[in-house]
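Peer 1: So that you have it, the file is protein.txt, and it contains compact mmCIF, C-alpha atoms:
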# COMPACT_ATOMS: atom_id res chain seq x y z
CA MET A 1 -34.45 63.35 -14.88
CA SER A 2 -32.08 60.61 -16.08
CA PHE A 3 -29.38 59.58 -13.61
CA LYS A 4 -26.24 57.54 -14.09
CA PHE A 5 -24.27 56.03 -11.26
CA LYS A 6 -20.92 54.52 -10.34
CA ILE A 7 -19.67 52.49 -7.42
CA VAL A 8 -15.91 52.91 -7.12
CA GLU A 9 -13.34 51.71 -4.61
CA SER A 10 -10.58 53.55 -2.74
CA HIS A 11 -11.20 57.09 -4.03
CA PRO A 12 -13.90 59.06 -5.87
CA THR A 13 -13.80 59.37 -9.65
CA ASN A 14 -13.21 63.13 -9.45
CA LEU A 15 -11.64 64.07 -6.12
CA VAL A 16 -12.10 67.84 -6.51
CA GLU A 17 -15.76 67.48 -7.50
CA TRP A 18 -16.42 65.08 -4.62
CA GLU A 19 -14.72 67.25 -2.00
CA THR A 20 -16.48 70.37 -3.29
CA LEU A 21 -19.83 68.68 -2.73
CA VAL A 22 -18.67 67.40 0.67
CA LEU A 23 -17.81 70.94 1.76
CA GLU A 24 -21.14 72.30 0.48
CA ASN A 25 -22.82 69.78 2.78
CA ASN A 26 -20.49 70.47 5.73
CA ASN A 27 -20.14 66.68 5.92
CA LEU A 28 -16.79 65.66 7.37
CA LEU A 29 -17.57 61.94 7.39
CA GLN A 30 -18.02 61.85 3.59
CA SER A 31 -14.67 63.57 3.00
CA VAL A 32 -11.74 61.44 1.87
CA HIS A 33 -9.86 62.98 4.81
CA TYR A 34 -11.99 60.92 7.18
CA ASP A 35 -10.72 57.74 5.56
CA ASN A 36 -7.49 58.25 7.49
CA VAL A 37 -9.51 58.16 10.72
CA GLN A 38 -11.26 54.91 9.77
CA SER A 39 -7.97 53.33 8.73
CA PHE A 40 -7.54 52.63 12.47
CA PHE A 41 -10.03 49.80 11.94
CA ASN A 42 -8.50 48.78 8.57
CA GLN A 43 -11.67 49.86 6.79
CA LYS A 44 -11.49 50.64 3.08
CA PRO A 45 -13.73 53.28 1.45
CA CYS A 46 -16.08 52.78 -1.48
CA PHE A 47 -18.00 55.60 -3.16
CA ILE A 48 -21.49 55.63 -4.64
CA GLU A 49 -21.69 58.47 -7.17
CA LEU A 50 -24.92 59.70 -8.77
CA TYR A 51 -24.63 61.85 -11.91
CA ASP A 52 -27.00 63.93 -14.00
CA ASN A 53 -25.13 64.16 -17.32
CA ASN A 54 -21.62 65.07 -16.11
CA THR A 55 -22.66 66.74 -12.86
CA LEU A 56 -22.27 64.95 -9.53
CA VAL A 57 -25.65 65.43 -7.86
CA ALA A 58 -25.21 63.10 -4.90
CA GLY A 59 -22.77 60.73 -3.29
CA TYR A 60 -22.59 58.28 -0.42
CA LYS A 61 -19.47 56.62 0.94
CA PHE A 62 -19.37 53.35 2.81
CA TYR A 63 -16.56 51.36 4.39
CA PHE A 64 -15.66 47.76 3.64
CA TRP A 65 -13.78 45.35 5.89
CA GLU A 66 -12.83 41.69 6.01
CA SER A 67 -10.38 39.87 8.24
CA ALA A 68 -6.81 39.79 7.00
CA ARG A 69 -6.12 36.84 9.30
CA LEU A 70 -8.31 34.43 7.41
CA PRO A 71 -7.27 32.49 4.29
CA LYS A 72 -8.52 34.09 1.09
CA ILE A 73 -10.86 31.21 0.36
CA ILE A 74 -12.94 31.80 3.52
CA LYS A 75 -12.29 35.42 4.50
CA SER A 76 -15.59 36.50 2.92
CA ILE A 77 -17.43 35.15 5.97
CA SER A 78 -16.05 38.13 7.94
CA ARG A 79 -17.04 40.71 5.34
CA ASN A 80 -18.75 43.79 6.79
CA ILE A 81 -19.86 47.13 5.33
CA VAL A 82 -20.63 50.35 7.21
CA PHE A 83 -22.64 53.35 6.03
CA PHE A 84 -21.69 55.95 8.63
CA GLY A 85 -23.45 59.32 8.41
CA GLU A 86 -25.54 60.95 5.72
CA PRO A 87 -25.10 61.23 1.93
CA ILE A 88 -23.99 64.42 0.21
CA LEU A 89 -26.52 66.19 -2.03
CA ASN A 90 -25.95 68.88 -4.64
CA GLN A 91 -27.70 71.98 -3.30
CA HIS A 92 -28.60 73.09 -6.85
CA TYR A 93 -30.88 70.05 -7.07
CA SER A 94 -32.64 70.71 -3.76
CA THR A 95 -36.10 70.60 -5.37
CA ASP A 96 -35.37 67.03 -6.46
CA ASN A 97 -33.99 65.81 -3.12
CA VAL A 98 -36.75 63.23 -2.69
CA GLU A 99 -36.03 61.66 -6.08
CA ILE A 100 -32.29 61.78 -5.44
CA VAL A 101 -32.62 60.11 -2.05
CA GLN A 102 -34.80 57.44 -3.62
CA GLN A 103 -32.14 56.81 -6.26
CA LEU A 104 -29.45 56.63 -3.57
CA ASN A 105 -31.61 54.21 -1.60
CA GLN A 106 -31.70 51.93 -4.64
CA LEU A 107 -27.94 52.27 -5.14
CA VAL A 108 -27.24 51.44 -1.50
CA ASN A 109 -29.08 48.17 -1.97
CA GLU A 110 -27.22 47.48 -5.22
CA ALA A 111 -23.90 48.18 -3.49
CA ILE A 112 -24.79 45.78 -0.69
CA GLU A 113 -25.69 43.12 -3.24
CA LYS A 114 -22.45 43.72 -5.14
CA ILE A 115 -20.20 43.52 -2.07
CA ASN A 116 -22.24 40.64 -0.62
CA PRO A 117 -21.21 41.16 3.00
CA THR A 118 -22.07 38.88 5.89
CA THR A 119 -23.06 41.84 8.06
CA GLY A 120 -23.73 45.54 7.58
CA SER A 121 -24.87 48.67 9.37
CA VAL A 122 -26.27 52.12 8.64
CA SER A 123 -25.97 54.91 11.23
CA SER A 124 -27.01 58.55 11.39
CA PHE A 125 -24.56 61.27 12.35
CA TYR A 126 -26.05 64.65 11.41
CA GLY A 127 -29.58 63.26 11.09
CA ASP A 128 -32.39 63.67 8.51
CA HIS A 129 -31.96 62.01 5.06
CA LEU A 130 -30.86 58.66 6.47
CA SER A 131 -34.19 58.08 8.21
CA GLN A 132 -35.77 57.79 4.74
CA PHE A 133 -33.55 54.88 3.62
CA ASP A 134 -35.05 51.43 3.20
CA ILE A 135 -32.59 48.56 3.14
CA SER A 136 -33.87 45.38 1.45
CA TYR A 137 -32.72 43.11 4.26
CA PRO A 138 -34.24 42.35 7.68
CA ALA A 139 -32.74 44.29 10.56
CA VAL A 140 -31.43 42.40 13.58
CA LYS A 141 -31.08 45.56 15.65
CA HIS A 142 -32.79 48.91 15.11
CA SER A 143 -32.29 51.92 17.38
CA GLU A 144 -34.05 55.26 16.98
CA PHE A 145 -32.85 58.50 18.53
CA ASN A 146 -32.62 62.19 17.79
CA ILE A 147 -29.60 64.27 16.80
CA ALA A 148 -29.36 67.49 18.82
CA TYR A 149 -27.65 70.68 17.76
CA ILE A 150 -27.38 74.35 18.68
CA GLU A 151 -28.47 76.88 16.05
CA LEU A 152 -25.56 79.34 16.11
CA LYS A 153 -27.23 81.86 13.79
CA LYS A 154 -29.17 83.07 16.83
CA SER A 155 -27.89 86.09 18.74
CA ALA A 156 -25.93 85.56 21.96
CA ASP A 157 -28.92 86.89 23.90
CA GLU A 158 -31.25 84.41 22.18
CA LEU A 159 -28.85 81.57 22.91
CA TRP A 160 -28.64 82.61 26.56
CA GLY A 161 -32.42 82.85 26.75
CA GLY A 162 -32.72 79.32 25.37
CA LEU A 163 -30.71 77.83 28.22
CA HIS A 164 -32.46 75.96 31.00
CA PRO A 165 -32.37 77.99 34.27
CA LYS A 166 -30.22 75.33 35.94
CA HIS A 167 -27.66 75.58 33.14
CA ARG A 168 -27.60 79.36 33.45
CA ASN A 169 -26.97 79.01 37.19
CA SER A 170 -24.12 76.56 36.59
CA ILE A 171 -22.55 78.85 33.99
CA ARG A 172 -22.78 81.81 36.38
CA LYS A 173 -21.10 79.67 39.03
CA GLY A 174 -18.28 78.86 36.63
CA GLN A 175 -17.87 82.56 35.91
CA LYS A 176 -17.88 83.38 39.62
CA GLU A 177 -15.23 80.74 40.31
CA GLU A 178 -13.16 82.26 37.47
CA LEU A 179 -12.85 79.08 35.46
CA LYS A 180 -10.50 79.50 32.52
CA ILE A 181 -11.14 78.16 29.03
CA GLN A 182 -8.10 77.06 27.07
CA LEU A 183 -7.40 75.43 23.71
CA SER A 184 -4.67 72.81 23.88
CA ASP A 185 -3.12 69.93 21.93
CA ASP A 186 -2.70 67.84 25.09
CA ILE A 187 -4.52 64.72 24.00
CA ASP A 188 -3.06 62.73 26.89
CA LEU A 189 -4.67 65.14 29.36
CA PHE A 190 -7.95 64.70 27.54
CA ILE A 191 -7.65 60.89 27.69
CA ASP A 192 -7.05 61.17 31.45
CA LEU A 193 -10.28 63.14 31.79
CA LEU A 194 -12.11 60.47 29.76
CA LYS A 195 -10.72 57.73 31.99
CA SER A 196 -11.92 59.65 35.04
CA THR A 197 -15.38 59.97 33.49
CA TYR A 198 -15.74 56.23 32.82
CA LYS A 199 -13.98 55.04 35.97
CA ASN A 200 -17.14 54.45 37.97
CA GLN A 201 -19.62 54.01 35.12
CA PRO A 202 -21.17 50.66 34.15
CA GLU A 203 -20.96 51.23 30.39
CA LYS A 204 -17.85 50.32 28.44
CA ALA A 205 -15.35 53.11 27.86
CA PRO A 206 -14.51 54.09 24.26
CA ASN A 207 -11.27 52.95 22.65
CA PHE A 208 -8.78 55.51 23.92
CA GLN A 209 -6.20 54.67 21.27
CA TYR A 210 -8.82 55.28 18.58
CA ILE A 211 -9.73 58.66 20.10
CA LYS A 212 -6.06 59.63 20.12
CA HIS A 213 -5.68 58.51 16.48
CA ASN A 214 -8.89 60.34 15.56
CA TYR A 215 -7.73 63.60 17.11
CA THR A 216 -4.15 63.59 15.83
CA THR A 217 -5.33 62.72 12.31
CA LEU A 218 -7.95 65.48 12.11
CA LYS A 219 -5.84 68.03 14.00
CA LYS A 220 -3.17 67.89 11.29
CA LEU A 221 -5.86 68.89 8.79
CA GLY A 222 -7.25 71.68 10.97
CA PHE A 223 -10.50 69.80 11.63
CA ALA A 224 -10.20 69.12 15.37
CA LYS A 225 -9.85 71.06 18.63
CA LEU A 226 -9.45 70.21 22.29
CA VAL A 227 -11.02 72.73 24.67
CA PHE A 228 -10.52 72.57 28.46
CA ALA A 229 -12.03 74.29 31.49
CA TYR A 230 -9.49 74.92 34.25
CA HIS A 231 -9.81 75.90 37.89
CA GLN A 232 -6.59 76.97 39.58
CA ASN A 233 -4.46 75.12 37.02
CA GLU A 234 -6.50 71.91 37.28
CA ALA A 235 -8.37 70.71 34.21
CA LEU A 236 -11.93 69.90 35.29
CA ALA A 237 -13.56 69.28 31.91
CA GLY A 238 -12.52 68.82 28.31
CA ALA A 239 -14.22 68.53 24.92
CA PHE A 240 -12.97 67.07 21.65
CA ILE A 241 -14.80 68.88 18.85
CA THR A 242 -14.49 68.64 15.09
CA THR A 243 -14.95 71.55 12.70
CA PHE A 244 -15.69 71.26 9.01
CA GLY A 245 -17.33 73.77 6.70
CA LYS A 246 -19.93 75.59 8.80
CA TYR A 247 -20.56 72.71 11.24
CA SER A 248 -18.87 71.73 14.48
CA TYR A 249 -19.46 68.44 16.30
CA TYR A 250 -18.95 67.49 19.94
CA SER A 251 -17.24 64.12 19.53
CA PHE A 252 -16.11 63.20 23.04
CA GLY A 253 -16.04 64.78 26.46
CA GLY A 254 -14.46 64.09 29.84
CA THR A 255 -14.77 65.54 33.33
CA VAL A 256 -13.62 65.07 36.88
CA THR A 257 -16.21 65.30 39.62
CA ASN A 258 -16.75 68.93 40.61
CA ASN A 259 -19.48 71.31 41.75
CA LEU A 260 -18.21 74.35 39.89
CA GLY A 261 -20.35 73.98 36.78
CA ALA A 262 -17.29 73.19 34.67
CA GLY A 263 -19.08 71.13 32.00
CA ASN A 264 -21.87 73.67 31.53
CA TYR A 265 -19.46 76.58 31.45
CA LEU A 266 -17.16 74.79 28.99
CA HIS A 267 -19.88 74.19 26.43
CA TRP A 268 -21.33 77.68 26.79
CA GLU A 269 -17.92 79.14 26.02
CA ILE A 270 -17.50 76.75 23.08
CA ILE A 271 -20.87 77.89 21.74
CA LEU A 272 -19.78 81.53 21.92
CA MET A 273 -16.38 80.72 20.38
CA LEU A 274 -17.94 78.84 17.44
CA LYS A 275 -20.51 81.58 16.88
CA LYS A 276 -17.71 84.15 16.76
CA GLU A 277 -15.90 81.97 14.19
CA SER A 278 -19.07 81.97 12.00
CA PHE A 279 -20.05 78.33 12.42
CA THR A 280 -23.79 77.82 11.95
CA LYS A 281 -24.41 74.62 13.93
CA TYR A 282 -22.84 72.97 16.97
CA PHE A 283 -23.88 69.31 17.10
CA PHE A 284 -24.20 67.58 20.46
CA GLY A 285 -24.90 64.23 18.83
CA GLN A 286 -27.37 61.60 19.98
CA VAL A 287 -30.15 62.17 22.50
CA THR A 288 -33.10 59.99 23.45
CA LYS A 289 -35.99 59.95 21.01
CA HIS A 290 -38.43 61.32 23.58
CA GLU A 291 -37.48 63.94 26.12
CA ASN A 292 -39.32 62.36 29.05
CA SER A 293 -39.00 58.71 28.09
CA SER A 294 -39.07 56.31 31.00
CA THR A 295 -37.95 53.26 29.05
CA GLU A 296 -35.72 54.02 26.03
CA ASN A 297 -31.96 54.56 26.09
CA GLN A 298 -31.81 54.94 29.85
CA LYS A 299 -28.03 55.03 29.86
CA PHE A 300 -28.29 58.17 27.71
CA ALA A 301 -31.08 59.80 29.71
CA GLY A 302 -28.79 61.92 31.88
CA ILE A 303 -26.53 63.15 29.08
CA SER A 304 -29.59 63.74 26.86
CA GLN A 305 -31.05 66.04 29.50
CA PHE A 306 -27.70 67.84 29.84
CA LYS A 307 -27.58 68.46 26.09
CA ARG A 308 -31.21 69.53 25.76
CA ARG A 309 -30.86 72.13 28.48
CA PHE A 310 -28.65 74.15 26.13
CA GLY A 311 -31.74 74.80 23.99
CA THR A 312 -31.16 72.30 21.22
CA VAL A 313 -32.90 71.72 17.91
CA GLU A 314 -33.49 68.02 17.15
CA VAL A 315 -33.77 65.95 13.98
CA PRO A 316 -34.47 62.20 13.69
CA GLY A 317 -31.70 59.65 13.49
CA ASN A 318 -31.30 55.89 13.64
CA SER A 319 -28.87 53.01 13.69
CA VAL A 320 -29.62 49.70 11.99
CA LYS A 321 -27.61 46.49 11.92
CA TYR A 322 -28.14 43.69 9.42
CA VAL A 323 -27.09 40.07 9.13
CA LEU A 324 -27.31 39.13 5.46
CA HIS A 325 -25.89 35.62 5.85
CA PRO A 326 -26.78 34.15 9.26
CA ILE A 327 -24.86 30.89 8.81
CA LYS A 328 -21.70 32.70 7.71
CA ASN A 329 -22.11 35.07 10.64
CA ARG A 330 -22.33 32.19 13.12
CA CYS A 331 -19.20 30.61 11.61
CA TRP A 332 -17.37 33.94 11.80
CA GLY A 333 -18.42 34.34 15.43
CA TYR A 334 -16.93 30.95 16.24
CA LEU A 335 -13.72 31.69 14.34
CA LYS A 336 -13.30 35.01 16.17
CA LYS A 337 -13.27 33.15 19.46
CA LEU A 338 -10.54 30.85 18.13
CA LEU A 339 -8.50 33.77 16.82
CA VAL A 340 -8.42 35.59 20.17
CA ARG A 341 -7.49 32.55 22.22
CA PRO A 342 -4.08 32.87 23.93
Would you mind writing the file out in structure tokens?
Peer 2:
Amino acid sequence: MSFKFKIVESHPTNLVEWETLVLENNNLLQSVHYDNVQSFFNQKPCFIELYDNNTLVAGYKFYFWESARLPKIIKSISRNIVFFGEPILNQHYSTDNVEIVQQLNQLVNEAIEKINPTTGSVSSFYGDHLSQFDISYPAVKHSEFNIAYIELKKSADELWGGLHPKHRNSIRKGQKEELKIQLSDDIDLFIDLLKSTYKNQPEKAPNFQYIKHNYTTLKKLGFAKLVFAYHQNEALAGAFITTFGKYSYYSFGGTVTNNLGAGNYLHWEIILMLKKESFTKYFFGQVTKHENSSTENQKFAGISQFKRRFGTVEVPGNSVKYVLHPIKNRCWGYLKKLLVRP
């Protein structure tokens, strides 16, 4: 099979063709609509397009950034590229996926060489294809994990049977306490729940302004929902989920301390809601690589156990960071300190 490729900036060559393939893959991150989310960080999209004759058989978007505060002559020292999530593959070429991924792997390296960034990163989101990529530069940080999801094609009885007994008990408690599930657009309430969650935790809280921008951007397009669990008019837990194609993704969650099983009950009801709406997968995101690991990703150990107890399926994922120009990177690190000085 003879492939041709393009690397284009700002927008794909054929928007309709690109978005059709994006939807076939249920891949929100590769949609041009997600570019509005990443604009929060002033990142600009570039598109790798792989063609067989005139048919788009695969694509992979990455984001490009360099500091606008530096003079043009030296701003390249801040240049960074991000491959976030998995590529899109034409399902009609599924028998040739290995060859296509190999071609994309080569194109990723060519794109990196063309852009010539100081730093770069590649991160899984849905899992699978990305673990096969081989970047021709030494990694300075490499993290491996799994991506967990719920298979919504199962019957409600099968899903219930897949729950850990402790989760079933918590869900029953939520039912007994008559917790109410409600969809809402109250992003400020959700941010308050997030702040409560991170208040007494050692790890750094996410950027709340970014989360608000993320939600409002995707909500306008019909790709985001906020779901809350209430007890006597008090919101105890909330989830920010995205929906695209047949996939839904748990992006962020917040809770207040309670013993009513609010978090368990909330996600069980979300699972049933998504199943009723004909979604096929509900992604919980990252979990530790090994279920009973005593050393890796300890800060995620508790949440990984919480997710797994819903009866998840897991696929491999990873996150890799690169420094292509160490001297430039050290200079940029020094300049950043100067730029943030009062």
Peer 1: Could you tell me how far CA of Val323 in chain A lies from CA of Phe62 in chain A, in Å and to one decimal?
Peer 2: 16.6 Å
Peer 1: Name all residues at most 8 Å from Ser184 in chain A (count all atoms listed in the file; drop same-chain ones fewer than 6 positions away) and give them as a PDB file with C-alpha atoms, keeping the file's coordinate frame.
Peer 2:
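File written: part.pdb
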ATOM      1  CA  LYS A 225      -9.850  71.060  18.630  1.00  0.00           C
ATOM      2  CA  LEU A 226      -9.450  70.210  22.290  1.00  0.00           C
ATOM      3  CA  VAL A 227     -11.020  72.730  24.670  1.00  0.00           C
ATOM      4  CA  PHE A 228     -10.520  72.570  28.460  1.00  0.00           C
TER       5      PHE A 228
END
Peer 1: What's around Leu23 in chain A at 12 Å? Count all atoms listed in the file, leave out sequence neighbours fewer than 5 positions away in its own chain, and write the answer as JSON, numbers by chain.
Peer 2: {"A": [16, 17, 18, 28, 29, 30, 31, 32, 33, 88, 89, 90, 91, 243, 244, 245, 246, 247]}
Peer 1: Please determine, counting only C-alpha atoms, which residue among A:Ile112, A:Leu56, A:Val98, A:Leu179 has the shortest atom-to-atom distance to Gln232 in chain A.
Peer 2: A:Leu179
Peer 1: Specify the axis-aligned box that encloses all atoms of range 24-36 of chain A listed in the file after padding of 5 Å on each side, stating its centre and edge lengths in Å to one decimal as lines of an AutoDock Vina configuration file.
Peer 2:
center_x = -15.2
center_y = 65.0
center_z = 4.0
size_x = 25.3
size_y = 24.6
size_z = 17.0
Peer 1: Which polymer residues have any atom within 12 Å of an atom of His167 in chain A, counting only C-alpha atoms, with same-chain residues fewer than 3 positions away left out, as a ChimeraX atom specification?
Peer 2: /A:159-164,170-174,260-268,305-311
Peer 1: Residues near range 327-332 of chain A, anyone? I mean within 6 Å using all atoms listed in the file, not counting same-chain ones fewer than 2 positions away, as a list of chain:residue names.
Peer 2: A:Ile77, A:Ser78, A:His325, A:Tyr334, A:Leu335
Peer 1: What would the file look like if the residues just selected were written as a short mmCIF file (atom, residue, chain, number, x, y, z; two decimals), in the coordinates of the input with C-alpha atoms?
Peer 2:
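part_9.cif, freshly written:
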data_model
loop_
_atom_site.label_atom_id
_atom_site.label_comp_id
_atom_site.auth_asym_id
_atom_site.auth_seq_id
_atom_site.Cartn_x
_atom_site.Cartn_y
_atom_site.Cartn_z
CA ILE A 77 -17.43 35.15 5.97
CA SER A 78 -16.05 38.13 7.94
CA HIS A 325 -25.89 35.62 5.85
CA TYR A 334 -16.93 30.95 16.24
CA LEU A 335 -13.72 31.69 14.34
#
Peer 1: Rounded to one decimal, what separation in Å do you get between CA of Thr197 in chain A and CA of Val256 in chain A?
Peer 2: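 Interatomic distance, CA of Thr197 in chain A to CA of Val256 in chain A: 6.4 Å.
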Peer 1: Using CA of Leu338 in chain A and CA of Lys75 in chain A as the two end points, give the distance in Å to one decimal.
Peer 2: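 One can read the CA of Leu338 in chain A to CA of Lys75 in chain A distance as 14.5 Å.
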Peer 1: Set the distance at 8 Å and use all atoms listed in the file: which residues neighbour Asp52 in chain A once local chain neighbours fewer than 3 positions away are removed? I'd like the list as a ChimeraX atom specification.
Peer 2: /A:1-4,55-57
Peer 1: Let me make sure I understand: among A:Tyr34, A:Phe64, A:Phe125, A:Tyr249, which one has the smallest atom-to-atom distance to Thr217 in chain A if we use all atoms listed in the file?
Peer 2: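 Looking at the shortest contact to Thr217 in chain A, the residue is A:Tyr34.
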Peer 1: Kindly provide, as an MDAnalysis selection string, the polymer residues lying within 7 Å of (-32.4, 65.2, 12.8), counting only C-alpha atoms and using the coordinates exactly as they appear in the file.
Peer 2: chainID A and resid 126:128 146:147 314:317
Peer 1: Can you work out which one of A:Phe133, A:Phe41, A:Phe240, A:Tyr149 has the shortest atom-to-atom distance to Leu183 in chain A, counting only C-alpha atoms?
Peer 2: A:Phe240
